[in-house]
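What follows is a single structure, written as structure tokens, with notes after it.
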Amino acid sequence: MQSLTQRLANPTRFMELSRTVLPWVAAGAALFIATAMYLVFFVAPPDYQQGETVKIMYIHVPSAWLAMMGYSIVAISSFGLLVFRHPLADVSAKAAAPIGAAFTLAALITGSLWGKPMWGTYWVWDARLTSMLILFFLYLGLIALRSSLEDESLAGKLTAVLALVGVAILPVIKFSVDWWNTLHQPSTGFTSTVDPSMRTPLLIAAVGFTLLFVALHLKAMQTEIVRRRVKTMRLAQVERDERLFSAGAE
């Protein structure tokens with residue numbers, strides 16, 4: 001009996017399943033995000049120190065979480081390509097990289113906007129901020145390396161190696177506030193340090209943005225599969241035309 005991973009190795013089966021799942025995931029993302037934003041702007045109170053500025057947290061925290069989750073997906077997919085030769089592993093890695101880069105940029109921008117009233121400046125070379133910036137550059141490096149190579153098989157393998165090397169940045173980001181004396185606040189303890197009036201919308205926002213990431217990832221994978229199929233068909237057509245031309249010339 002085939003496992004789910006083995007069944008999804010067939011691009012046609014993946015396309016069928018993803019077409020069924022995607023609308024529900026997208027609807028769930030819209031519902032959770034809309035609910036979170038309502039709670040953020042009409043229910044959640046301002047912080048006693050940060051005031052209304054604390055509302056940036058509801059976008060910043062999910063974005064930072066998804067920045068790391070996105071790179072984890074790229075790394076796991078890259079491992080699947082290099083070790084197991086899974087047919088869709090490279091598709092998953094390629095699709096996840098731009099989405100992860102977008103969430104990393106969102107985390108950096110919202111963090112800077114949040115830092116200005118708290119620290120008096122948009123940017124400091126804090127360990128957490130600097131490691132997040134390195135993650136963003138890693139994403140850009142993966143995207144640039146892949147786009148610079150015509151051979152998709154070679155591009156997939158090289159970007160997979162780079163992705164696995166770069167995964168070392170994830171524990172640095174996670175534990176930077178514990179390892180060094182930084183301006184950035186420690187990781188949020190949902191069960192102890194956040195009041196329920198703020199915790200609930202934050203958790204709902206995290207679920208909503210995670211579902212949004214999943215929806216974007218599925219759609220990007222669908223697009224990449226179609227693109228590769230079209231490319232294969234075009235190459236096959238070119239080969240047929242060349243054979244016909246050669247036969248006619250003889």
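By convention in this document, the chains of the structure tokens carry letters A, B, ... by their order, each chain's residues are numbered from 1, and ligands are numbered from 1 in the order they are shown.
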DSSP helix (DSSP H, G or I) residues within range 23-249 of chain A, listed as a PyMOL selection string: chain A and resi 23-42+52-84+89-119+127-147+152-166+169-179+196-249
Polymer residues at most 12 Å from Val91 in chain A, only C-alpha atoms, same-chain spacing of 4 or more positions, as a PyMOL selection string: chain A and resi 9+11+14+73-74+77-78+80-81+85-87+95-97+146+152-153+155-157+159-160+217-228
Residue neighbourhood Thr35 in chain A, 12 Å, only C-alpha atoms, exclusion window fewer than 3 positions, as a list of chain:residue names: A:Gly28, A:Ala29, A:Ala30, A:Leu31, A:Phe32, A:Tyr38, A:Leu39, A:Val40, A:Phe41, A:Phe42, A:Val43, A:Ala44, A:Thr200, A:Pro201, A:Leu202, A:Leu203, A:Ile204, A:Ala205, A:Ala206, A:Val207, A:Gly208, A:Phe209
Polymer residues at most 10 Å from range 47-49 of chain A, only C-alpha atoms, same-chain spacing of 4 or more positions, as a ChimeraX atom specification: /A:53-55,118,198
Using the selection just defined, write its residues with C-alpha atoms as a CSV table (one decimal), in the first residue's frame.
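Output saved as part-v9.csv:
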```csv
chain,number,residue,atom,x,y,z
A,53,THR,CA,1.9,50.4,18.2
A,54,VAL,CA,1.6,46.9,19.6
A,55,LYS,CA,-0.9,46.0,16.9
A,118,MET,CA,10.4,51.4,20.9
A,198,MET,CA,-4.0,39.8,22.9
```
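For the pair CA of Ala75 in chain A and CA of Gly111 in chain A, the interatomic distance is 24.8 Å.
Pairwise distance (CA of Leu133 in chain A, CA of Leu211 in chain A) equals 24.2 Å.
Interatomic distance, CA of Ser148 in chain A against CA of Ala215 in chain A: 27.1 Å.
Among the candidates A:Ser92, A:Thr104, A:Thr20, A:Ser72, the one nearest to Ile134 in chain A when counting only C-alpha atoms is A:Thr104.
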Pick out the residues sitting within 8 Å of range 137-143 of chain A, and hand them over as a CSV table (one decimal) with all heavy atoms, in the first residue's frame; count only C-alpha atoms, and ignore anything fewer than 6 positions along from it in its own chain.
```
chain,number,residue,atom,x,y,z
A,71,TYR,N,11.6,28.6,5.0
A,71,TYR,CA,12.9,28.0,4.8
A,71,TYR,C,13.0,26.6,5.2
A,71,TYR,O,13.7,25.8,4.5
A,71,TYR,CB,14.0,28.9,5.5
A,71,TYR,CG,15.3,28.7,4.9
A,71,TYR,CD1,15.8,29.4,3.8
A,71,TYR,CD2,16.2,27.6,5.3
A,71,TYR,CE1,17.0,29.2,3.2
A,71,TYR,CE2,17.4,27.4,4.7
A,71,TYR,CZ,17.8,28.2,3.7
A,71,TYR,OH,19.0,28.0,3.1
A,94,LYS,N,11.3,25.2,-5.0
A,94,LYS,CA,11.2,26.4,-5.9
A,94,LYS,C,10.0,27.2,-5.6
A,94,LYS,O,10.1,28.5,-5.6
A,94,LYS,CB,11.2,25.9,-7.4
A,94,LYS,CG,11.3,27.1,-8.3
A,94,LYS,CD,11.3,26.7,-9.8
A,94,LYS,CE,11.4,27.9,-10.7
A,94,LYS,NZ,11.4,27.5,-12.1
A,97,ALA,N,10.4,29.2,-2.0
A,97,ALA,CA,11.4,30.2,-1.8
A,97,ALA,C,10.9,31.7,-1.9
A,97,ALA,O,11.1,32.5,-1.0
A,97,ALA,CB,12.6,30.0,-2.7
A,98,PRO,N,10.2,32.0,-3.0
A,98,PRO,CA,9.7,33.4,-3.1
A,98,PRO,C,8.7,33.8,-2.1
A,98,PRO,O,8.6,34.9,-1.6
A,98,PRO,CB,9.1,33.5,-4.5
A,98,PRO,CG,9.6,32.3,-5.3
A,98,PRO,CD,9.9,31.2,-4.2
A,100,GLY,N,8.5,32.5,1.0
A,100,GLY,CA,9.3,32.7,2.2
A,100,GLY,C,10.0,34.0,2.2
A,100,GLY,O,10.1,34.7,3.3
A,101,ALA,N,10.6,34.4,1.1
A,101,ALA,CA,11.3,35.7,1.0
A,101,ALA,C,10.3,36.8,1.3
A,101,ALA,O,10.7,37.8,1.9
A,101,ALA,CB,11.9,35.8,-0.4
A,159,THR,N,20.8,24.5,-5.9
A,159,THR,CA,20.0,25.3,-4.9
A,159,THR,C,19.7,24.4,-3.7
A,159,THR,O,19.6,24.9,-2.6
A,159,THR,CB,18.7,25.8,-5.5
A,159,THR,OG1,18.0,24.8,-6.2
A,159,THR,CG2,19.0,26.9,-6.6
A,162,LEU,N,22.7,24.5,-1.5
A,162,LEU,CA,22.8,25.8,-0.8
A,162,LEU,C,21.7,25.9,0.3
A,162,LEU,O,22.0,26.4,1.4
A,162,LEU,CB,22.6,26.9,-1.8
A,162,LEU,CG,22.6,28.4,-1.2
A,162,LEU,CD1,23.9,28.7,-0.5
A,162,LEU,CD2,22.4,29.4,-2.4
A,163,ALA,N,20.5,25.4,0.0
A,163,ALA,CA,19.5,25.5,1.0
A,163,ALA,C,19.8,24.7,2.3
A,163,ALA,O,19.6,25.1,3.4
A,163,ALA,CB,18.2,25.0,0.4
A,166,GLY,N,22.4,26.6,4.3
A,166,GLY,CA,21.9,27.7,4.9
A,166,GLY,C,20.9,27.5,6.0
A,166,GLY,O,20.6,28.4,6.8
```
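Distances here use only C-alpha atoms; by that measure, the residue among A:Met57, A:Pro45, A:Leu216, A:Arg234 closest to Pro196 in chain A is A:Pro45.
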Exercise: Phe103 in chain A partners within 7 Å, only C-alpha atoms, chain neighbours under 5 positions left out, as a PyMOL selection string: chain A and resi 63-64+66-67
